[in-house]
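Asker: Next comes model_35.json, JSON, C-alpha atoms:
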```json
[["chain", "number", "residue", "atom", "x", "y", "z"],
["E", 469, "MET", "CA", 1.35, -27.92, -75.78],
["E", 470, "ALA", "CA", 2.98, -30.52, -73.57],
["E", 471, "ASP", "CA", 1.52, -30.79, -70.09],
["E", 472, "PRO", "CA", 3.91, -32.89, -67.98],
["E", 473, "GLN", "CA", 1.48, -33.49, -65.12],
["E", 474, "ARG", "CA", -1.27, -34.68, -67.46],
["E", 475, "GLU", "CA", 1.13, -36.76, -69.53],
["E", 476, "GLU", "CA", 3.33, -38.25, -66.85],
["E", 477, "GLY", "CA", 1.44, -37.86, -63.58],
["E", 478, "SER", "CA", -0.53, -40.36, -61.56],
["E", 479, "VAL", "CA", -3.74, -38.34, -61.22],
["E", 480, "LEU", "CA", -6.66, -39.49, -63.39],
["E", 481, "ASP", "CA", -7.97, -36.29, -64.96],
["E", 482, "ILE", "CA", -9.83, -37.31, -68.11],
["E", 483, "LYS", "CA", -10.34, -34.55, -70.68],
["E", 484, "PHE", "CA", -14.01, -34.98, -71.55],
["E", 485, "ASP", "CA", -15.13, -33.29, -74.76],
["E", 486, "SER", "CA", -17.59, -30.39, -75.00],
["E", 487, "ASP", "CA", -20.45, -32.90, -74.62],
["E", 488, "GLY", "CA", -18.84, -34.33, -71.47],
["E", 489, "LEU", "CA", -17.82, -37.55, -73.23],
["E", 490, "VAL", "CA", -14.64, -39.55, -73.84],
["E", 491, "PRO", "CA", -14.15, -42.34, -76.41],
["E", 492, "ALA", "CA", -13.61, -45.80, -74.90],
["E", 493, "ILE", "CA", -12.10, -48.61, -76.98],
["E", 494, "VAL", "CA", -12.95, -52.19, -76.00],
["E", 495, "GLN", "CA", -10.17, -54.67, -76.72],
["E", 496, "ASP", "CA", -10.14, -58.43, -76.17],
["E", 497, "HIS", "CA", -7.76, -58.96, -73.26],
["E", 498, "GLN", "CA", -6.20, -62.10, -74.70],
["E", 499, "SER", "CA", -6.24, -61.75, -78.50],
["E", 500, "GLY", "CA", -5.83, -57.97, -78.65],
["E", 501, "GLU", "CA", -8.72, -57.76, -81.15],
["E", 502, "ILE", "CA", -10.49, -54.39, -81.08],
["E", 503, "LEU", "CA", -14.15, -55.16, -80.45],
["E", 504, "MET", "CA", -15.94, -51.80, -80.38],
["E", 505, "MET", "CA", -15.65, -48.14, -79.47],
["E", 506, "GLY", "CA", -18.24, -46.42, -77.32],
["E", 507, "TRP", "CA", -18.56, -43.14, -75.46],
["E", 508, "MET", "CA", -18.49, -42.57, -71.71],
["E", 509, "ASN", "CA", -19.50, -39.69, -69.52],
["E", 510, "GLU", "CA", -17.85, -39.30, -66.13],
["E", 511, "ALA", "CA", -20.47, -41.46, -64.38],
["E", 512, "ALA", "CA", -20.11, -44.27, -66.93],
["E", 513, "LEU", "CA", -16.33, -44.27, -66.52],
["E", 514, "LYS", "CA", -16.62, -44.38, -62.72],
["E", 515, "GLN", "CA", -19.19, -47.18, -62.89],
["E", 516, "THR", "CA", -17.01, -49.14, -65.34],
["E", 517, "ILE", "CA", -13.99, -48.94, -63.04],
["E", 518, "GLU", "CA", -15.99, -49.81, -59.93],
["E", 519, "THR", "CA", -18.13, -52.65, -61.36],
["E", 520, "LYS", "CA", -15.62, -53.92, -63.95],
["E", 521, "LYS", "CA", -18.47, -54.10, -66.49],
["E", 522, "ALA", "CA", -18.00, -51.87, -69.56],
["E", 523, "THR", "CA", -20.59, -49.10, -69.26],
["E", 524, "PHE", "CA", -21.19, -46.36, -71.81],
["E", 525, "TYR", "CA", -23.28, -43.28, -72.46],
["E", 526, "SER", "CA", -25.57, -43.49, -75.47],
["E", 527, "ARG", "CA", -25.51, -40.25, -77.44],
["E", 528, "SER", "CA", -28.73, -41.15, -79.28],
["E", 529, "ARG", "CA", -30.69, -42.34, -76.24],
["E", 530, "GLN", "CA", -28.97, -39.86, -73.91],
["E", 531, "LYS", "CA", -28.53, -42.31, -71.07],
["E", 532, "MET", "CA", -26.02, -44.68, -69.58],
["E", 533, "TRP", "CA", -26.08, -48.32, -70.61],
["E", 534, "VAL", "CA", -24.21, -51.41, -69.51],
["E", 535, "LYS", "CA", -22.83, -53.36, -72.49],
["E", 536, "GLY", "CA", -24.69, -56.68, -72.49],
["E", 537, "GLU", "CA", -27.72, -55.51, -70.50],
["E", 538, "SER", "CA", -30.00, -56.73, -73.35],
["E", 539, "SER", "CA", -27.90, -59.50, -74.90],
["E", 540, "GLY", "CA", -26.15, -60.85, -71.82],
["E", 541, "HIS", "CA", -22.89, -60.30, -73.71],
["E", 542, "ILE", "CA", -21.13, -58.27, -71.04],
["E", 543, "GLN", "CA", -17.54, -57.05, -71.37],
["E", 544, "GLU", "CA", -15.67, -57.76, -68.14],
["E", 545, "VAL", "CA", -12.90, -55.22, -67.65],
["E", 546, "VAL", "CA", -9.53, -56.72, -66.73],
["E", 547, "GLU", "CA", -7.63, -53.45, -67.11],
["E", 548, "ALA", "CA", -8.46, -49.88, -68.09],
["E", 549, "ARG", "CA", -5.89, -47.50, -69.52],
["E", 550, "THR", "CA", -5.79, -43.92, -70.70],
["E", 551, "ASP", "CA", -3.47, -42.17, -73.14],
["E", 552, "CYS", "CA", -0.87, -39.43, -72.88],
["E", 553, "ASP", "CA", -3.31, -36.52, -72.96],
["E", 554, "GLN", "CA", -6.04, -38.43, -71.12],
["E", 555, "ASP", "CA", -8.71, -38.01, -73.77],
["E", 556, "VAL", "CA", -9.17, -41.68, -74.74],
["E", 557, "VAL", "CA", -9.79, -44.80, -72.64],
["E", 558, "VAL", "CA", -8.90, -48.41, -73.53],
["E", 559, "LEU", "CA", -10.69, -51.29, -71.77],
["E", 560, "LYS", "CA", -8.98, -54.68, -71.94],
["E", 561, "CYS", "CA", -11.86, -57.09, -71.49],
["E", 562, "ILE", "CA", -12.97, -60.67, -71.21],
["E", 563, "SER", "CA", -15.88, -60.96, -73.65],
["E", 564, "HIS", "CA", -18.88, -62.84, -72.32],
["E", 565, "GLY", "CA", -20.30, -63.29, -75.80],
["E", 566, "PRO", "CA", -19.87, -61.47, -79.09],
["E", 567, "CYS", "CA", -19.64, -57.70, -79.03],
["E", 568, "CYS", "CA", -21.45, -56.40, -82.12],
["E", 569, "HIS", "CA", -25.24, -56.14, -82.31],
["E", 570, "VAL", "CA", -25.12, -57.02, -86.04],
["E", 571, "GLY", "CA", -23.97, -60.56, -85.17],
["E", 572, "TYR", "CA", -20.19, -60.38, -85.32],
["E", 573, "LYS", "CA", -17.64, -60.85, -82.53],
["E", 574, "SER", "CA", -16.17, -57.41, -83.29],
["E", 575, "CYS", "CA", -17.84, -54.32, -84.77],
["E", 576, "PHE", "CA", -14.86, -54.02, -87.14],
["E", 577, "TYR", "CA", -15.87, -56.77, -89.58],
["E", 578, "ARG", "CA", -15.34, -54.78, -92.77],
["E", 579, "ARG", "CA", -12.12, -53.59, -94.29],
["E", 580, "ILE", "CA", -11.82, -50.47, -96.38],
["E", 581, "THR", "CA", -10.59, -51.59, -99.78],
["E", 582, "ASP", "CA", -10.44, -48.16, -101.43],
["E", 583, "PRO", "CA", -11.84, -44.68, -100.65],
["E", 584, "THR", "CA", -15.38, -45.77, -101.59],
["E", 585, "THR", "CA", -15.64, -49.50, -100.89],
["E", 586, "LEU", "CA", -15.93, -51.96, -97.99],
["E", 587, "GLU", "CA", -15.43, -55.71, -97.90],
["E", 588, "THR", "CA", -16.81, -57.95, -95.14],
["E", 589, "VAL", "CA", -13.92, -60.07, -93.87],
["E", 590, "GLU", "CA", -15.42, -61.74, -90.79],
["E", 591, "SER", "CA", -18.26, -64.21, -90.30],
["E", 592, "LYS", "CA", -21.31, -63.76, -88.08],
["E", 593, "VAL", "CA", -21.27, -65.77, -84.89],
["E", 594, "PHE", "CA", -24.92, -65.27, -83.88],
["E", 595, "ASP", "CA", -28.27, -64.24, -85.28],
["E", 596, "PRO", "CA", -29.32, -60.90, -83.76],
["E", 597, "ASN", "CA", -32.98, -61.93, -84.06],
["E", 598, "ASP", "CA", -32.34, -64.70, -81.55],
["E", 599, "VAL", "CA", -30.66, -62.40, -79.05],
["E", 600, "TYR", "CA", -32.45, -59.05, -79.21],
["E", 601, "LYS", "CA", -36.19, -59.70, -78.76],
["Z", 313, "MET", "CA", -32.19, -47.47, -85.41],
["Z", 314, "ALA", "CA", -30.66, -50.23, -87.48],
["Z", 315, "ASP", "CA", -29.60, -49.19, -90.96],
["Z", 316, "PRO", "CA", -28.94, -52.38, -92.97],
["Z", 317, "GLN", "CA", -27.17, -50.64, -95.84],
["Z", 318, "ARG", "CA", -24.79, -48.79, -93.51],
["Z", 319, "GLU", "CA", -24.23, -51.86, -91.33],
["Z", 320, "GLU", "CA", -23.99, -54.58, -93.92],
["Z", 321, "GLY", "CA", -23.34, -52.86, -97.24],
["Z", 322, "SER", "CA", -20.15, -52.46, -99.21],
["Z", 323, "VAL", "CA", -20.26, -48.68, -99.65],
["Z", 324, "LEU", "CA", -17.86, -46.67, -97.51],
["Z", 325, "ASP", "CA", -20.00, -43.87, -96.06],
["Z", 326, "ILE", "CA", -18.24, -42.68, -92.91],
["Z", 327, "LYS", "CA", -20.41, -40.77, -90.45],
["Z", 328, "PHE", "CA", -18.22, -37.79, -89.62],
["Z", 329, "ASP", "CA", -19.19, -35.88, -86.49],
["Z", 330, "SER", "CA", -20.46, -32.29, -86.39],
["Z", 331, "ASP", "CA", -16.85, -31.07, -86.75],
["Z", 332, "GLY", "CA", -16.36, -33.28, -89.81],
["Z", 333, "LEU", "CA", -14.12, -35.73, -87.94],
["Z", 334, "VAL", "CA", -14.00, -39.46, -87.21],
["Z", 335, "PRO", "CA", -11.87, -41.20, -84.55],
["Z", 336, "ALA", "CA", -9.13, -43.45, -85.93],
["Z", 337, "ILE", "CA", -7.48, -46.09, -83.74],
["Z", 338, "VAL", "CA", -3.94, -47.18, -84.62],
["Z", 339, "GLN", "CA", -3.21, -50.81, -83.78],
["Z", 340, "ASP", "CA", 0.05, -52.72, -84.21],
["Z", 341, "HIS", "CA", -0.64, -55.14, -87.04],
["Z", 342, "GLN", "CA", 1.28, -58.01, -85.48],
["Z", 343, "SER", "CA", 0.93, -57.69, -81.70],
["Z", 344, "GLY", "CA", -2.55, -56.15, -81.66],
["Z", 345, "GLU", "CA", -1.34, -53.46, -79.23],
["Z", 346, "ILE", "CA", -3.36, -50.24, -79.44],
["Z", 347, "LEU", "CA", -0.85, -47.47, -80.11],
["Z", 348, "MET", "CA", -2.87, -44.25, -80.33],
["Z", 349, "MET", "CA", -6.16, -42.71, -81.34],
["Z", 350, "GLY", "CA", -6.33, -39.67, -83.58],
["Z", 351, "TRP", "CA", -8.97, -37.82, -85.56],
["Z", 352, "MET", "CA", -9.42, -37.72, -89.31],
["Z", 353, "ASN", "CA", -11.36, -35.46, -91.61],
["Z", 354, "GLU", "CA", -12.47, -36.80, -94.98],
["Z", 355, "ALA", "CA", -9.26, -35.67, -96.70],
["Z", 356, "ALA", "CA", -7.04, -37.32, -94.06],
["Z", 357, "LEU", "CA", -8.94, -40.59, -94.40],
["Z", 358, "LYS", "CA", -8.63, -40.53, -98.19],
["Z", 359, "GLN", "CA", -4.92, -39.68, -97.99],
["Z", 360, "THR", "CA", -4.36, -42.49, -95.44],
["Z", 361, "ILE", "CA", -5.99, -45.06, -97.71],
["Z", 362, "GLU", "CA", -4.19, -43.86, -100.80],
["Z", 363, "THR", "CA", -0.70, -43.38, -99.33],
["Z", 364, "LYS", "CA", -0.89, -46.12, -96.64],
["Z", 365, "LYS", "CA", 0.64, -43.65, -94.17],
["Z", 366, "ALA", "CA", -1.57, -42.85, -91.16],
["Z", 367, "THR", "CA", -2.67, -39.23, -91.59],
["Z", 368, "PHE", "CA", -4.78, -37.26, -89.14],
["Z", 369, "TYR", "CA", -6.43, -33.89, -88.62],
["Z", 370, "SER", "CA", -5.16, -31.91, -85.65],
["Z", 371, "ARG", "CA", -8.02, -30.27, -83.79],
["Z", 372, "SER", "CA", -5.67, -27.89, -81.99],
["Z", 373, "ARG", "CA", -3.61, -26.88, -85.03],
["Z", 374, "GLN", "CA", -6.57, -27.22, -87.41],
["Z", 375, "LYS", "CA", -4.60, -28.90, -90.14],
["Z", 376, "MET", "CA", -3.79, -32.33, -91.51],
["Z", 377, "TRP", "CA", -0.63, -34.04, -90.37],
["Z", 378, "VAL", "CA", 1.14, -37.25, -91.33],
["Z", 379, "LYS", "CA", 2.08, -39.31, -88.28],
["Z", 380, "GLY", "CA", 5.88, -39.36, -88.20],
["Z", 381, "GLU", "CA", 6.41, -36.23, -90.28],
["Z", 382, "SER", "CA", 8.58, -34.77, -87.44],
["Z", 383, "SER", "CA", 9.89, -37.92, -85.76],
["Z", 384, "GLY", "CA", 10.21, -40.20, -88.77],
["Z", 385, "HIS", "CA", 8.09, -42.70, -86.84],
["Z", 386, "ILE", "CA", 5.49, -43.28, -89.53],
["Z", 387, "GLN", "CA", 2.65, -45.76, -89.18],
["Z", 388, "GLU", "CA", 2.39, -47.84, -92.36],
["Z", 389, "VAL", "CA", -1.19, -49.00, -92.87],
["Z", 390, "VAL", "CA", -1.57, -52.69, -93.67],
["Z", 391, "GLU", "CA", -5.35, -52.69, -93.38],
["Z", 392, "ALA", "CA", -8.05, -50.16, -92.52],
["Z", 393, "ARG", "CA", -11.42, -51.14, -91.10],
["Z", 394, "THR", "CA", -14.59, -49.41, -90.04],
["Z", 395, "ASP", "CA", -17.31, -50.47, -87.63],
["Z", 396, "CYS", "CA", -20.98, -51.36, -87.94],
["Z", 397, "ASP", "CA", -22.27, -47.80, -88.00],
["Z", 398, "GLN", "CA", -19.22, -46.43, -89.81],
["Z", 399, "ASP", "CA", -18.31, -43.83, -87.22],
["Z", 400, "VAL", "CA", -14.91, -45.24, -86.14],
["Z", 401, "VAL", "CA", -11.86, -46.32, -88.16],
["Z", 402, "VAL", "CA", -9.19, -48.87, -87.14],
["Z", 403, "LEU", "CA", -5.78, -48.81, -88.83],
["Z", 404, "LYS", "CA", -3.70, -51.98, -88.54],
["Z", 405, "CYS", "CA", -0.17, -50.71, -88.96],
["Z", 406, "ILE", "CA", 3.49, -51.54, -89.15],
["Z", 407, "SER", "CA", 5.16, -49.09, -86.75],
["Z", 408, "HIS", "CA", 8.30, -47.47, -88.08],
["Z", 409, "GLY", "CA", 9.36, -46.38, -84.61],
["Z", 410, "PRO", "CA", 7.50, -45.73, -81.36],
["Z", 411, "CYS", "CA", 4.12, -44.03, -81.56],
["Z", 412, "CYS", "CA", 3.85, -41.74, -78.53],
["Z", 413, "HIS", "CA", 5.52, -38.32, -78.42],
["Z", 414, "VAL", "CA", 6.14, -38.75, -74.67],
["Z", 415, "GLY", "CA", 8.64, -41.54, -75.42],
["Z", 416, "TYR", "CA", 6.60, -44.72, -75.20],
["Z", 417, "LYS", "CA", 5.77, -47.25, -77.91],
["Z", 418, "SER", "CA", 2.05, -46.76, -77.25],
["Z", 419, "CYS", "CA", 0.19, -43.73, -75.88],
["Z", 420, "PHE", "CA", -1.61, -46.08, -73.48],
["Z", 421, "TYR", "CA", 1.25, -46.51, -70.98],
["Z", 422, "ARG", "CA", -0.80, -45.88, -67.83],
["Z", 423, "ARG", "CA", -3.48, -48.03, -66.30],
["Z", 424, "ILE", "CA", -6.37, -46.64, -64.30],
["Z", 425, "THR", "CA", -6.09, -48.17, -60.84],
["Z", 426, "ASP", "CA", -9.16, -46.54, -59.29],
["Z", 427, "PRO", "CA", -11.43, -43.61, -60.21],
["Z", 428, "THR", "CA", -8.74, -41.07, -59.29],
["Z", 429, "THR", "CA", -5.37, -42.74, -59.89],
["Z", 430, "LEU", "CA", -3.06, -43.79, -62.70],
["Z", 431, "GLU", "CA", -0.06, -46.10, -62.68],
["Z", 432, "THR", "CA", 2.62, -46.11, -65.39],
["Z", 433, "VAL", "CA", 3.03, -49.71, -66.54],
["Z", 434, "GLU", "CA", 5.27, -49.35, -69.60],
["Z", 435, "SER", "CA", 8.86, -48.14, -70.07],
["Z", 436, "LYS", "CA", 10.03, -45.36, -72.34],
["Z", 437, "VAL", "CA", 11.80, -46.49, -75.47],
["Z", 438, "PHE", "CA", 13.22, -43.13, -76.55],
["Z", 439, "ASP", "CA", 13.99, -39.67, -75.25],
["Z", 440, "PRO", "CA", 11.65, -37.13, -76.89],
["Z", 441, "ASN", "CA", 14.38, -34.48, -76.62],
["Z", 442, "ASP", "CA", 16.50, -36.50, -79.03],
["Z", 443, "VAL", "CA", 13.69, -36.88, -81.58],
["Z", 444, "TYR", "CA", 11.69, -33.64, -81.53],
["Z", 445, "LYS", "CA", 14.12, -30.77, -82.07]]
```
Reformat the file's structure so that it appears as structure tokens.
Answerer:
Amino acid sequence: MADPQREEGSVLDIKFDSDGLVPAIVQDHQSGEILMMGWMNEAALKQTIETKKATFYSRSRQKMWVKGESSGHIQEVVEARTDCDQDVVVLKCISHGPCCHVGYKSCFYRRITDPTTLETVESKVFDPNDVYK
Amino acid sequence: MADPQREEGSVLDIKFDSDGLVPAIVQDHQSGEILMMGWMNEAALKQTIETKKATFYSRSRQKMWVKGESSGHIQEVVEARTDCDQDVVVLKCISHGPCCHVGYKSCFYRRITDPTTLETVESKVFDPNDVYK
């Protein structure tokens, strides 16, 4: 059902899911490349907006984490947006280093070639063993 | 924990969530603009790859839907990608019309100015009353 206030209003009222989380897409501010998607709880979203450093909530570790706290590869938020029904966040960022822990700039380094197969279409830009010690 | 086969292999093995869904981000193939995020079940993902029309699973209506089936504004998939841990999909698309049912090209037409406030920063490109009848 349409909800005009949620869709067209100026009040931030994120619809967190039943776990209290919202997906947050990190996009390179200049190139538009999608770098990763993480999850935020309300505190991580608030901290991201206030500090301008992309901050997420780890579902596996059950705690907040600042992107780049281990690697130094922080994502500096230039602009945050939300969508019509306020259940997704986009962060337009300046990348201070590659985004993916596997060694690629973006986590989306493989294309889906058919319903069973992937093909790697990007090249690694760092060796994770040098960064995560 | 790192899972080399999942992260670096060539087998598509999407990690669907406990509801059997995966988030799918629609991105304009040429401009890089993020247009929307929807959810897919396994059948919607397969249909998307096979038909090259972005197809989702509606959590509220509990059924599959082809983007544009009402409006005609289909999203033609040029390339699909997944991320390191295969729990997000990106669809690089040619937009056959605007993406957002509110009337904007992208669903992300508002920026978050502070932890409580939104500002609309895009202009509507169509009147939903003309399209959804």
Asker: Please determine the contact residues of chain Z with respect to chain E at a cut-off of 9 Å, counting only C-alpha atoms, and supply them as a PyMOL selection string.
Answerer: chain Z and resi 314+319-325+335+337+339+343-346+348-349+357-359+361-362+391-397+400-402+412-414+418-432
Asker: Padding of 8 Å on every side, edges along x, y and z, all listed atoms of range 392-400 of chain Z included: what centre and edge lengths in Å, to one decimal, does that box have, as AutoDock Vina command-line options?
Answerer:
```
--center_x -15.2 --center_y -47.6 --center_z -89.3 --size_x 30.2 --size_y 23.5 --size_z 22.4
```
Asker: Can you tell me which residues surround range 530-532 of chain E at a distance of at most 12 Å, considering all atoms listed in the file, apart from same-chain residues fewer than 2 positions away, and format the answer as a PyMOL selection string?
Answerer: chain E and resi 487-489+506-516+522-528+534-535+537
Asker: CA of Pro440 in chain Z to CA of Ser383 in chain Z: how many Å, to one decimal?
Answerer: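 Separation between CA of Pro440 in chain Z and CA of Ser383 in chain Z: 9.1 Å.
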Asker: When you draw a straight line from CA of Lys483 in chain E to CA of Pro410 in chain Z, how long is it in Å?
Answerer: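 Separation between CA of Lys483 in chain E and CA of Pro410 in chain Z: 23.6 Å.
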Asker: Give the answer as one residue: which of E:Ser563, E:His497, E:Trp533, E:Lys573 has the shortest atom-to-atom distance to Val546 in chain E, using all atoms listed in the file?
Answerer: E:His497
Asker: Give me, please, the distance in Å between CA of Asp598 in chain E and CA of Arg318 in chain Z, quoted to one decimal.
Answerer: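 Pair CA of Asp598 in chain E / CA of Arg318 in chain Z returns 21.3 Å.
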Asker: Could you rebuild range 482-500 of chain E with N, CA, C and O atoms and give it back as an mmCIF file, in the frame of the given file?
Answerer:
```
data_model
loop_
_atom_site.group_PDB
_atom_site.id
_atom_site.type_symbol
_atom_site.label_atom_id
_atom_site.label_comp_id
_atom_site.auth_asym_id
_atom_site.auth_seq_id
_atom_site.Cartn_x
_atom_site.Cartn_y
_atom_site.Cartn_z
ATOM 1 N N ILE E 482 -9.397 -37.121 -66.728
ATOM 2 C CA ILE E 482 -9.830 -37.310 -68.110
ATOM 3 C C ILE E 482 -10.325 -35.978 -68.691
ATOM 4 O O ILE E 482 -11.071 -35.240 -68.059
ATOM 5 N N LYS E 483 -9.867 -35.722 -69.932
ATOM 6 C CA LYS E 483 -10.340 -34.550 -70.680
ATOM 7 C C LYS E 483 -11.601 -34.959 -71.433
ATOM 8 O O LYS E 483 -11.520 -35.535 -72.516
ATOM 9 N N PHE E 484 -12.762 -34.710 -70.847
ATOM 10 C CA PHE E 484 -14.010 -34.980 -71.550
ATOM 11 C C PHE E 484 -14.221 -33.891 -72.601
ATOM 12 O O PHE E 484 -13.759 -32.760 -72.442
ATOM 13 N N ASP E 485 -14.918 -34.264 -73.690
ATOM 14 C CA ASP E 485 -15.130 -33.290 -74.760
ATOM 15 C C ASP E 485 -16.240 -32.304 -74.386
ATOM 16 O O ASP E 485 -16.738 -32.320 -73.253
ATOM 17 N N SER E 486 -16.623 -31.447 -75.318
ATOM 18 C CA SER E 486 -17.590 -30.390 -75.000
ATOM 19 C C SER E 486 -18.971 -30.962 -74.654
ATOM 20 O O SER E 486 -19.790 -30.284 -74.047
ATOM 21 N N ASP E 487 -19.209 -32.231 -75.021
ATOM 22 C CA ASP E 487 -20.450 -32.900 -74.620
ATOM 23 C C ASP E 487 -20.269 -33.696 -73.323
ATOM 24 O O ASP E 487 -21.176 -34.431 -72.916
ATOM 25 N N GLY E 488 -19.096 -33.600 -72.720
ATOM 26 C CA GLY E 488 -18.840 -34.330 -71.470
ATOM 27 C C GLY E 488 -18.542 -35.799 -71.690
ATOM 28 O O GLY E 488 -18.724 -36.618 -70.785
ATOM 29 N N LEU E 489 -18.037 -36.137 -72.882
ATOM 30 C CA LEU E 489 -17.820 -37.550 -73.230
ATOM 31 C C LEU E 489 -16.359 -37.826 -73.592
ATOM 32 O O LEU E 489 -15.637 -36.919 -74.018
ATOM 33 N N VAL E 490 -15.979 -39.093 -73.430
ATOM 34 C CA VAL E 490 -14.640 -39.550 -73.840
ATOM 35 C C VAL E 490 -14.819 -40.862 -74.604
ATOM 36 O O VAL E 490 -15.651 -41.692 -74.234
ATOM 37 N N PRO E 491 -14.064 -41.062 -75.703
ATOM 38 C CA PRO E 491 -14.150 -42.340 -76.410
ATOM 39 C C PRO E 491 -13.504 -43.458 -75.613
ATOM 40 O O PRO E 491 -12.457 -43.250 -74.993
ATOM 41 N N ALA E 492 -14.135 -44.634 -75.628
ATOM 42 C CA ALA E 492 -13.610 -45.800 -74.900
ATOM 43 C C ALA E 492 -13.565 -46.984 -75.857
ATOM 44 O O ALA E 492 -14.586 -47.398 -76.400
ATOM 45 N N ILE E 493 -12.354 -47.502 -76.053
ATOM 46 C CA ILE E 493 -12.100 -48.610 -76.980
ATOM 47 C C ILE E 493 -12.124 -49.910 -76.190
ATOM 48 O O ILE E 493 -11.429 -50.022 -75.180
ATOM 49 N N VAL E 494 -12.902 -50.876 -76.646
ATOM 50 C CA VAL E 494 -12.950 -52.190 -76.000
ATOM 51 C C VAL E 494 -12.068 -53.155 -76.793
ATOM 52 O O VAL E 494 -12.255 -53.328 -78.002
ATOM 53 N N GLN E 495 -11.129 -53.764 -76.091
ATOM 54 C CA GLN E 495 -10.170 -54.670 -76.720
ATOM 55 C C GLN E 495 -10.207 -56.018 -76.004
ATOM 56 O O GLN E 495 -10.235 -56.064 -74.769
ATOM 57 N N ASP E 496 -10.204 -57.103 -76.776
ATOM 58 C CA ASP E 496 -10.140 -58.430 -76.170
ATOM 59 C C ASP E 496 -8.820 -58.570 -75.410
ATOM 60 O O ASP E 496 -7.738 -58.376 -75.984
ATOM 61 N N HIS E 497 -8.920 -58.904 -74.151
ATOM 62 C CA HIS E 497 -7.760 -58.960 -73.260
ATOM 63 C C HIS E 497 -6.707 -59.953 -73.759
ATOM 64 O O HIS E 497 -5.501 -59.705 -73.651
ATOM 65 N N GLN E 498 -7.155 -61.061 -74.311
ATOM 66 C CA GLN E 498 -6.200 -62.100 -74.700
ATOM 67 C C GLN E 498 -5.712 -61.945 -76.133
ATOM 68 O O GLN E 498 -4.519 -61.966 -76.397
ATOM 69 N N SER E 499 -6.645 -61.771 -77.074
ATOM 70 C CA SER E 499 -6.240 -61.750 -78.500
ATOM 71 C C SER E 499 -5.768 -60.382 -78.947
ATOM 72 O O SER E 499 -5.107 -60.263 -79.973
ATOM 73 N N GLY E 500 -6.161 -59.326 -78.225
ATOM 74 C CA GLY E 500 -5.830 -57.970 -78.650
ATOM 75 C C GLY E 500 -6.796 -57.419 -79.695
ATOM 76 O O GLY E 500 -6.684 -56.255 -80.089
#
```
